[in-house]
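Beneath this line is the structure, given in structure tokens, with notes to follow.
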Amino acid sequence: MQITSPAFKENARGALANPDLQKALGHVRLGFIDKRQKAVDALPEFDALRDSARAIKDHALAHLDLYLEAYEEKVKAAGGYVHWAPTAADARAVILEICRAAGARTVTKGKSMITEEIGLNAFLEKEGIRPVETDLGEYIIQLRGEHPSHIIAPAVHLTRDQVEADFRRAHDHLPVARDLSEPESLLAEARRVLRSQYFAADVGITGANFLVAETGSSVIVTNEGNGDLTQILPRVHVVVASIEKIVPTMEDMSQILRVLARSATGQDMSVYTTVSTGPRREGDPDGPEEYHVVLLDNGRSAMLGTEFQDMLRCIRCGACMNHCPVYHAVGGHAYGWVYPGPMGAVLTPSLIGVDKAGHLPNASTFCGRCEAVCPMHIPLPRMMRHWREREFSRGLNPAAQRYGLRAWAFFARRPRLYRLAVSLAIPVLSRLGRRRGRFRRLPLAGGWTRHRDLPAPESRTFLQQWRDRDAARQEARP
Amino acid sequence: MKQETPQKPRVGLFVTCLVDLFRPTVGFAAVKLVEEAGCEVEVPMAQTCCGQPAYNSGDREDAVAIARTTIETFEDYDYVVAPSGSCAGMLRKHYPALFKGDAWEARAAAFSARVHELTSFLVDVMGMERVSAAHVGSVTYHDSCSGLRELGIAAQPRRLLSSVEGLELREMKDADVCCGFGGTFCVKYSDISNKIVEEKAANIAASGAETLLAGDLGCLMNMAGKLQRQGNAVRVRHVAEVLAGMDDGPAIGEGGR
């Protein structure tokens, strides 16, 4: 997909001026936050589970090579295939080869951010294979030719009215007079339309929430059951997952599951948790004939051992963006690539380069709410600051910003000079603002005064006044 | 040399650059409150800024240089108190990170352990339960992010406010959600910052309170500037002004001095 992260500011301006988007974003604020809080409040051991989840992932990352190889062995033993894909292009090529070998013309897809990351849909279409998204949100944005704006709620940027209009346009074989006024009727219509696709598909592609080394299993959690139909009905099942999805054991997986849905949607559990191990065995009532896993690196192994390693603990629950004031203001598309919000602000520069994604870690107030709700205790603000340090040391931020900062720091590092400068400037500014108490406009302060008044300094500086007071006290002493 | 009773803790006031430059009343209010809590207050002249603008812009070299000066200036006090959760958070939580693995590591850690935000110092360290101030009217309190999430400041200011005679606290919706200030964020991404502070201003207005209080001048200037641009008559003050009974002058951004 086209990267528009360098145009983050323009994207944001467009998003702020889009009334439909602003209306839809209201649902993020209303929907996710209270539900998560209720779920967390109802589970006294939630914080202990977070600690445990972090420890599990830290351990898995510290021994990533070991667990990935163990996992590969188990997948092979169960009759499946593992394909190692260092880059997005490698992953696309492997998937195409599997599809070609299966003679596939249609593939169904469960919800997968990794296939977004590797741009799979556009690639398959170009190769003459039709991908059909089966998750309701993904289906909607596929109809619109868009990309997800949220990692668990891909169509959260749309209003119900927009979706109804899309369905009426796309499903023009259905009666015009049908009632689509309720969200449930939209879901039912999507299900009806998608049902036939499951049987037409030659290959089903899903992501994975977890890969379990102990058993060679892949695990997905969904609320619609579409993932199950995607992986069970076609002849070939392809799992596309990034390497950090690995956990050592089933027990580890089930512990992390307990924080995943609560953090994401406020559910105790997602409606479906589906474990797949290899292809259909003899005696199984259903399942694919072939089972493939494509393991994607795409820059992740380079994060190991760096200040960004903790980011690989992420389980893609979306809690950080659900609680982010910047995400609430501009939505996910403004971030300009696959991963939005605070987790995107840290991950995107790792995957596409900080030269392209430099705005993302800067566009944060460091309010810290993301870290406070992250089930994996990922220090997101700290890592955004690390990106800012890398940008600064490579001279990537705008020259005006750098010079302004260095000029300020020149004084801030020299207390006597600083004192002299502010003792001269502040009283002048204070006198200028005496009558109104604030400025509507002020040279060099346009970034501030464009949207708000600037309070004028009350008087001389505190330290000027304090020194005078101290001197008067000393004199008053006998 | 002054000779005070030996058991009085010596407190160095880190006044913060914004209070020094824009709102000296908050500095005097902080001095009064810390003295009332039984401490001797000194204000070293060699202070400038905590270094956050550099630190949060990725300029580690300047941040470290500023941090060294601050530590040298303040490390001999029993306590260092700042009327700001954000600056206190920088001194307390981030200075040790700046010197990790450095010769100054232990020195920075010893310094940081003595740093406190004003209301937290009064309540958690000095055990202050009430103040002797009066403020007739309703107020609402905004929890600034760094103070709340880095230092756990939420109950302390409310506890002291509840002892102010005549004061009615009207909590606003989402008091713990960011106001959109974010230091240089508010000018680098002014459109987004504006959207966030608009939400905040709406919640402040909906609370029906006459006065908005908070513990960080950056957030207060942002919210005051927005409310005043909107023509909203809510008055804006630092919480220390009310707690010290020094709230009879013009509020933040008000004329008529």
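Here, A, B, ... name the chains of the structure tokens in the order displayed, residue numbers run from 1 inside each chain, and ligands are numbered from 1 in the same displayed order.
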
Find the residues around Asn203 of chain B up to 9 Å (only C-alpha atoms counted), leave out those fewer than 6 positions away in its own chain, and share them as a ChimeraX atom specification.
/B:172-175

With all heavy atoms retained, write the just-selected residues as a PDB file, in the first residue's frame.
ATOM      1  N   MET B 172     -15.238  17.241  36.379  1.00  0.00           N
ATOM      2  CA  MET B 172     -15.651  17.242  34.978  1.00  0.00           C
ATOM      3  C   MET B 172     -15.529  15.832  34.414  1.00  0.00           C
ATOM      4  O   MET B 172     -14.858  14.974  34.998  1.00  0.00           O
ATOM      5  CB  MET B 172     -14.748  18.196  34.170  1.00  0.00           C
ATOM      6  CG  MET B 172     -13.332  17.679  33.970  1.00  0.00           C
ATOM      7  SD  MET B 172     -12.360  18.730  32.885  1.00  0.00           S
ATOM      8  CE  MET B 172     -11.291  19.556  34.069  1.00  0.00           C
ATOM      9  N   LYS B 173     -16.169  15.596  33.275  1.00  0.00           N
ATOM     10  CA  LYS B 173     -16.034  14.327  32.569  1.00  0.00           C
ATOM     11  C   LYS B 173     -14.596  14.242  32.031  1.00  0.00           C
ATOM     12  O   LYS B 173     -14.049  15.235  31.566  1.00  0.00           O
ATOM     13  CB  LYS B 173     -17.042  14.305  31.418  1.00  0.00           C
ATOM     14  CG  LYS B 173     -17.070  13.038  30.629  1.00  0.00           C
ATOM     15  CD  LYS B 173     -18.276  13.065  29.667  1.00  0.00           C
ATOM     16  CE  LYS B 173     -18.071  12.137  28.507  1.00  0.00           C
ATOM     17  NZ  LYS B 173     -17.631  12.757  27.265  1.00  0.00           N
ATOM     18  N   ASP B 174     -14.017  13.048  32.092  1.00  0.00           N
ATOM     19  CA  ASP B 174     -12.676  12.821  31.539  1.00  0.00           C
ATOM     20  C   ASP B 174     -11.619  13.783  32.087  1.00  0.00           C
ATOM     21  O   ASP B 174     -10.786  14.305  31.339  1.00  0.00           O
ATOM     22  CB  ASP B 174     -12.701  12.929  30.001  1.00  0.00           C
ATOM     23  CG  ASP B 174     -13.467  11.784  29.359  1.00  0.00           C
ATOM     24  OD1 ASP B 174     -13.649  10.750  30.032  1.00  0.00           O
ATOM     25  OD2 ASP B 174     -13.880  11.906  28.196  1.00  0.00           O
ATOM     26  N   ALA B 175     -11.671  14.021  33.392  1.00  0.00           N
ATOM     27  CA  ALA B 175     -10.680  14.917  34.016  1.00  0.00           C
ATOM     28  C   ALA B 175      -9.260  14.395  33.814  1.00  0.00           C
ATOM     29  O   ALA B 175      -8.306  15.164  33.815  1.00  0.00           O
ATOM     30  CB  ALA B 175     -10.975  15.044  35.511  1.00  0.00           C
TER      31      ALA B 175
END

Mind listing as a compact mmCIF listing (two decimals) with N, CA and C atoms, in the first residue's frame which residues of chain A are within 7 Å of chain B, counting only C-alpha atoms?
# COMPACT_ATOMS: atom_id res chain seq x y z
N ARG A 13 -4.95 17.18 8.95
CA ARG A 13 -5.81 18.33 8.68
C ARG A 13 -7.07 17.88 7.95
N PRO A 325 -5.46 10.31 22.70
CA PRO A 325 -6.15 11.53 22.29
C PRO A 325 -5.83 11.95 20.85
N VAL A 326 -4.64 11.61 20.38
CA VAL A 326 -4.28 11.97 19.01
C VAL A 326 -5.05 11.08 18.03
N ALA A 329 -8.52 12.15 17.70
CA ALA A 329 -8.69 13.38 16.94
C ALA A 329 -8.62 13.14 15.43
N ALA A 363 4.15 12.99 16.92
CA ALA A 363 2.77 13.43 17.10
C ALA A 363 2.15 12.77 18.33
N SER A 364 2.76 13.03 19.47
CA SER A 364 2.25 12.49 20.73
C SER A 364 2.46 13.53 21.81
N THR A 365 1.47 13.67 22.70
CA THR A 365 1.64 14.60 23.82
C THR A 365 2.40 13.95 24.97
N PHE A 366 2.77 12.67 24.81
CA PHE A 366 3.37 11.90 25.90
C PHE A 366 2.45 11.86 27.12
N CYS A 367 1.16 11.75 26.86
CA CYS A 367 0.22 11.73 28.00
C CYS A 367 0.34 10.43 28.78
N GLY A 368 0.85 9.38 28.13
CA GLY A 368 1.16 8.15 28.85
C GLY A 368 -0.02 7.21 29.06
N ARG A 385 10.23 8.47 22.23
CA ARG A 385 11.32 9.41 22.50
C ARG A 385 12.63 8.89 21.90
N ARG A 388 12.67 9.91 18.45
CA ARG A 388 12.98 11.34 18.32
C ARG A 388 14.49 11.57 18.46
N GLU A 389 15.12 10.80 19.35
CA GLU A 389 16.57 10.93 19.52
C GLU A 389 17.31 10.52 18.24
N PHE A 392 16.84 13.25 15.72
CA PHE A 392 17.63 14.43 16.06
C PHE A 392 19.10 14.19 15.71
N LEU A 405 15.54 25.07 19.01
CA LEU A 405 15.83 24.26 20.20
C LEU A 405 17.26 24.51 20.70
N ALA A 409 18.39 26.01 24.21
CA ALA A 409 19.24 25.20 25.08
C ALA A 409 20.54 25.94 25.43
N ALA A 412 19.47 27.87 28.33
CA ALA A 412 19.05 27.02 29.46
C ALA A 412 20.25 26.34 30.13
N ARG A 413 21.34 26.16 29.37
CA ARG A 413 22.54 25.54 29.94
C ARG A 413 23.40 26.55 30.69
N PRO A 415 22.85 29.38 33.30
CA PRO A 415 21.87 30.05 34.17
C PRO A 415 22.04 31.57 34.27
N ARG A 416 23.28 32.09 34.32
CA ARG A 416 23.44 33.54 34.48
C ARG A 416 22.99 34.29 33.23
N ILE A 426 11.00 39.47 29.85
CA ILE A 426 9.69 39.20 30.48
C ILE A 426 8.98 40.49 30.94
N ARG A 434 -0.42 43.97 29.68
CA ARG A 434 -0.99 44.38 30.97
C ARG A 434 -2.52 44.55 30.92
N ARG A 435 -3.00 45.23 29.84
CA ARG A 435 -4.41 45.60 29.84
C ARG A 435 -5.31 44.36 29.65
N ARG A 436 -5.00 43.57 28.62
CA ARG A 436 -5.87 42.43 28.32
C ARG A 436 -5.46 41.17 29.10
N GLY A 437 -4.21 41.12 29.51
CA GLY A 437 -3.75 39.95 30.24
C GLY A 437 -3.36 38.80 29.33
N ARG A 438 -3.50 39.01 28.03
CA ARG A 438 -3.17 37.93 27.09
C ARG A 438 -3.01 38.50 25.69
N GLY A 447 2.20 29.40 16.11
CA GLY A 447 1.79 28.02 16.35
C GLY A 447 0.85 27.94 17.55
N TRP A 448 1.09 28.80 18.52
CA TRP A 448 0.23 28.84 19.71
C TRP A 448 -1.04 29.65 19.45
N HIS A 451 -4.77 29.04 17.43
CA HIS A 451 -5.99 28.44 17.97
C HIS A 451 -6.35 28.92 19.37
N ARG A 452 -5.40 29.60 20.05
CA ARG A 452 -5.70 30.00 21.42
C ARG A 452 -4.96 31.27 21.78
N ASP A 453 -5.45 31.96 22.79
CA ASP A 453 -4.76 33.15 23.27
C ASP A 453 -3.54 32.72 24.06
N LEU A 454 -2.57 33.64 24.16
CA LEU A 454 -1.39 33.36 24.97
C LEU A 454 -1.44 34.23 26.22
N PRO A 455 -1.51 33.63 27.40
CA PRO A 455 -1.51 34.44 28.61
C PRO A 455 -0.22 35.27 28.68
N ALA A 456 -0.36 36.52 29.08
CA ALA A 456 0.83 37.38 29.21
C ALA A 456 1.51 37.10 30.53
N PRO A 457 2.83 37.31 30.61
CA PRO A 457 3.50 37.16 31.90
C PRO A 457 2.88 38.12 32.91
N GLU A 458 2.73 37.63 34.13
CA GLU A 458 2.07 38.39 35.18
C GLU A 458 2.82 39.68 35.53
N THR A 461 9.95 38.39 36.48
CA THR A 461 10.04 36.96 36.75
C THR A 461 10.01 36.69 38.26
N PHE A 462 9.67 35.46 38.58
CA PHE A 462 9.64 35.07 39.99
C PHE A 462 11.01 35.27 40.62
N LEU A 463 12.05 34.86 39.92
CA LEU A 463 13.39 34.93 40.54
C LEU A 463 13.85 36.38 40.72

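The coordinates place atom CA of Ser84 of chain B at 28.3 Å from atom CA of Arg390 of chain A.
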
Step one, run DSSP on the backbone; step two, keep only residues of segment 14-143 of chain B assigned to helix (DSSP H, G or I); then write them as a count of residues only.
68

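Rounded to one decimal, atom CA of Glu164 of chain A and atom CA of Met1 of chain A lie 25.8 Å from each other.
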
Report as a ChimeraX atom specification: the residues of segment 29-144 of chain B with a DSSP assignment of strand (DSSP E or B), based on the backbone of this structure.
/B:40-42,79-82,115-117,134-141

Would you list the contacts of segment 356-361 of chain A as JSON, numbers by chain, taking every protein, DNA or RNA residue within 12 Å and counting only C-alpha atoms, but skipping same-chain residues closer than 5 positions in sequence?
{"A": [2, 3, 4, 5, 6, 7, 8, 9, 10, 11, 12, 326, 327, 332, 333, 334, 335, 336, 337, 338, 339, 340, 341, 342, 343, 344, 345, 346, 347, 348, 349, 350, 351, 366, 380, 381, 382, 383, 384, 385, 386, 387, 388, 389, 390, 391, 392, 394, 395, 396, 397, 398], "B": [56, 57, 58, 185, 188, 189]}

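With atom CA of Ala101 of chain A on one side and atom CA of Gly80 of chain A on the other, the separation reads 15.4 Å.
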
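Within 9 Å of Ala85 of chain A, once only C-alpha atoms are used and residues closer than 6 positions along the same chain are dropped, the contacting residues are Ala91, Arg92, Val94, Val294, Leu295, Leu296, Asp297 and Asn298 of chain A.
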
Please produce an output containing N, CA and C atoms for each residue in the selection, written as a short mmCIF file (atom, residue, chain, number, x, y, z; two decimals), in the first residue's frame.
data_model
loop_
_atom_site.label_atom_id
_atom_site.label_comp_id
_atom_site.auth_asym_id
_atom_site.auth_seq_id
_atom_site.Cartn_x
_atom_site.Cartn_y
_atom_site.Cartn_z
N ALA A 91 7.40 -13.10 1.26
CA ALA A 91 6.13 -13.65 1.72
C ALA A 91 5.11 -13.68 0.59
N ARG A 92 5.04 -12.60 -0.17
CA ARG A 92 4.09 -12.55 -1.29
C ARG A 92 4.41 -13.65 -2.30
N VAL A 94 5.95 -16.53 -1.87
CA VAL A 94 5.61 -17.86 -1.35
C VAL A 94 4.10 -18.10 -1.43
N VAL A 294 3.47 -19.14 6.74
CA VAL A 294 4.48 -18.21 6.22
C VAL A 294 4.94 -17.34 7.37
N LEU A 295 6.19 -17.49 7.76
CA LEU A 295 6.74 -16.74 8.90
C LEU A 295 7.46 -15.50 8.40
N LEU A 296 6.92 -14.34 8.74
CA LEU A 296 7.46 -13.09 8.21
C LEU A 296 8.37 -12.41 9.23
N ASP A 297 9.53 -11.99 8.75
CA ASP A 297 10.42 -11.18 9.59
C ASP A 297 10.18 -9.70 9.28
N ASN A 298 10.56 -9.27 8.08
CA ASN A 298 10.30 -7.91 7.60
C ASN A 298 10.79 -6.83 8.56
#

Contacts of Gln22 of chain A at 10 Å (only C-alpha atoms; same-chain gap of 4+ positions) as an MDAnalysis selection string
chainID A and resid 15:18 26:27 157:159 328:331

Nearest residue to Ile118 of chain A from the set A:Ala55, A:Ser242, A:Thr274, A:Phe167 (distances using only C-alpha atoms):
A:Ser242

I'd like the neighbourhood of Leu194 of chain A as a short mmCIF file (atom, residue, chain, number, x, y, z; two decimals) with all heavy atoms, in the first residue's frame, where a residue qualifies if any of its atoms comes within 9 Å (using only C-alpha atoms), though same-chain residues fewer than 6 positions away should be ignored.
data_model
loop_
_atom_site.label_atom_id
_atom_site.label_comp_id
_atom_site.auth_asym_id
_atom_site.auth_seq_id
_atom_site.Cartn_x
_atom_site.Cartn_y
_atom_site.Cartn_z
N VAL A 132 -10.99 -12.40 -1.15
CA VAL A 132 -12.27 -11.98 -0.58
C VAL A 132 -12.12 -11.87 0.94
O VAL A 132 -11.87 -12.87 1.62
CB VAL A 132 -13.39 -13.00 -0.90
CG1 VAL A 132 -14.71 -12.58 -0.27
CG2 VAL A 132 -13.54 -13.15 -2.41
N GLU A 133 -12.27 -10.68 1.45
CA GLU A 133 -12.19 -10.47 2.90
C GLU A 133 -13.49 -10.95 3.54
O GLU A 133 -14.58 -10.63 3.05
CB GLU A 133 -11.98 -8.99 3.22
CG GLU A 133 -10.65 -8.42 2.75
CD GLU A 133 -9.47 -8.91 3.58
OE1 GLU A 133 -9.68 -9.60 4.61
OE2 GLU A 133 -8.32 -8.59 3.20
N THR A 134 -13.37 -11.72 4.64
CA THR A 134 -14.58 -12.29 5.24
C THR A 134 -14.92 -11.69 6.59
O THR A 134 -16.03 -11.89 7.09
CB THR A 134 -14.42 -13.82 5.42
OG1 THR A 134 -13.33 -14.05 6.33
CG2 THR A 134 -14.14 -14.51 4.09
#
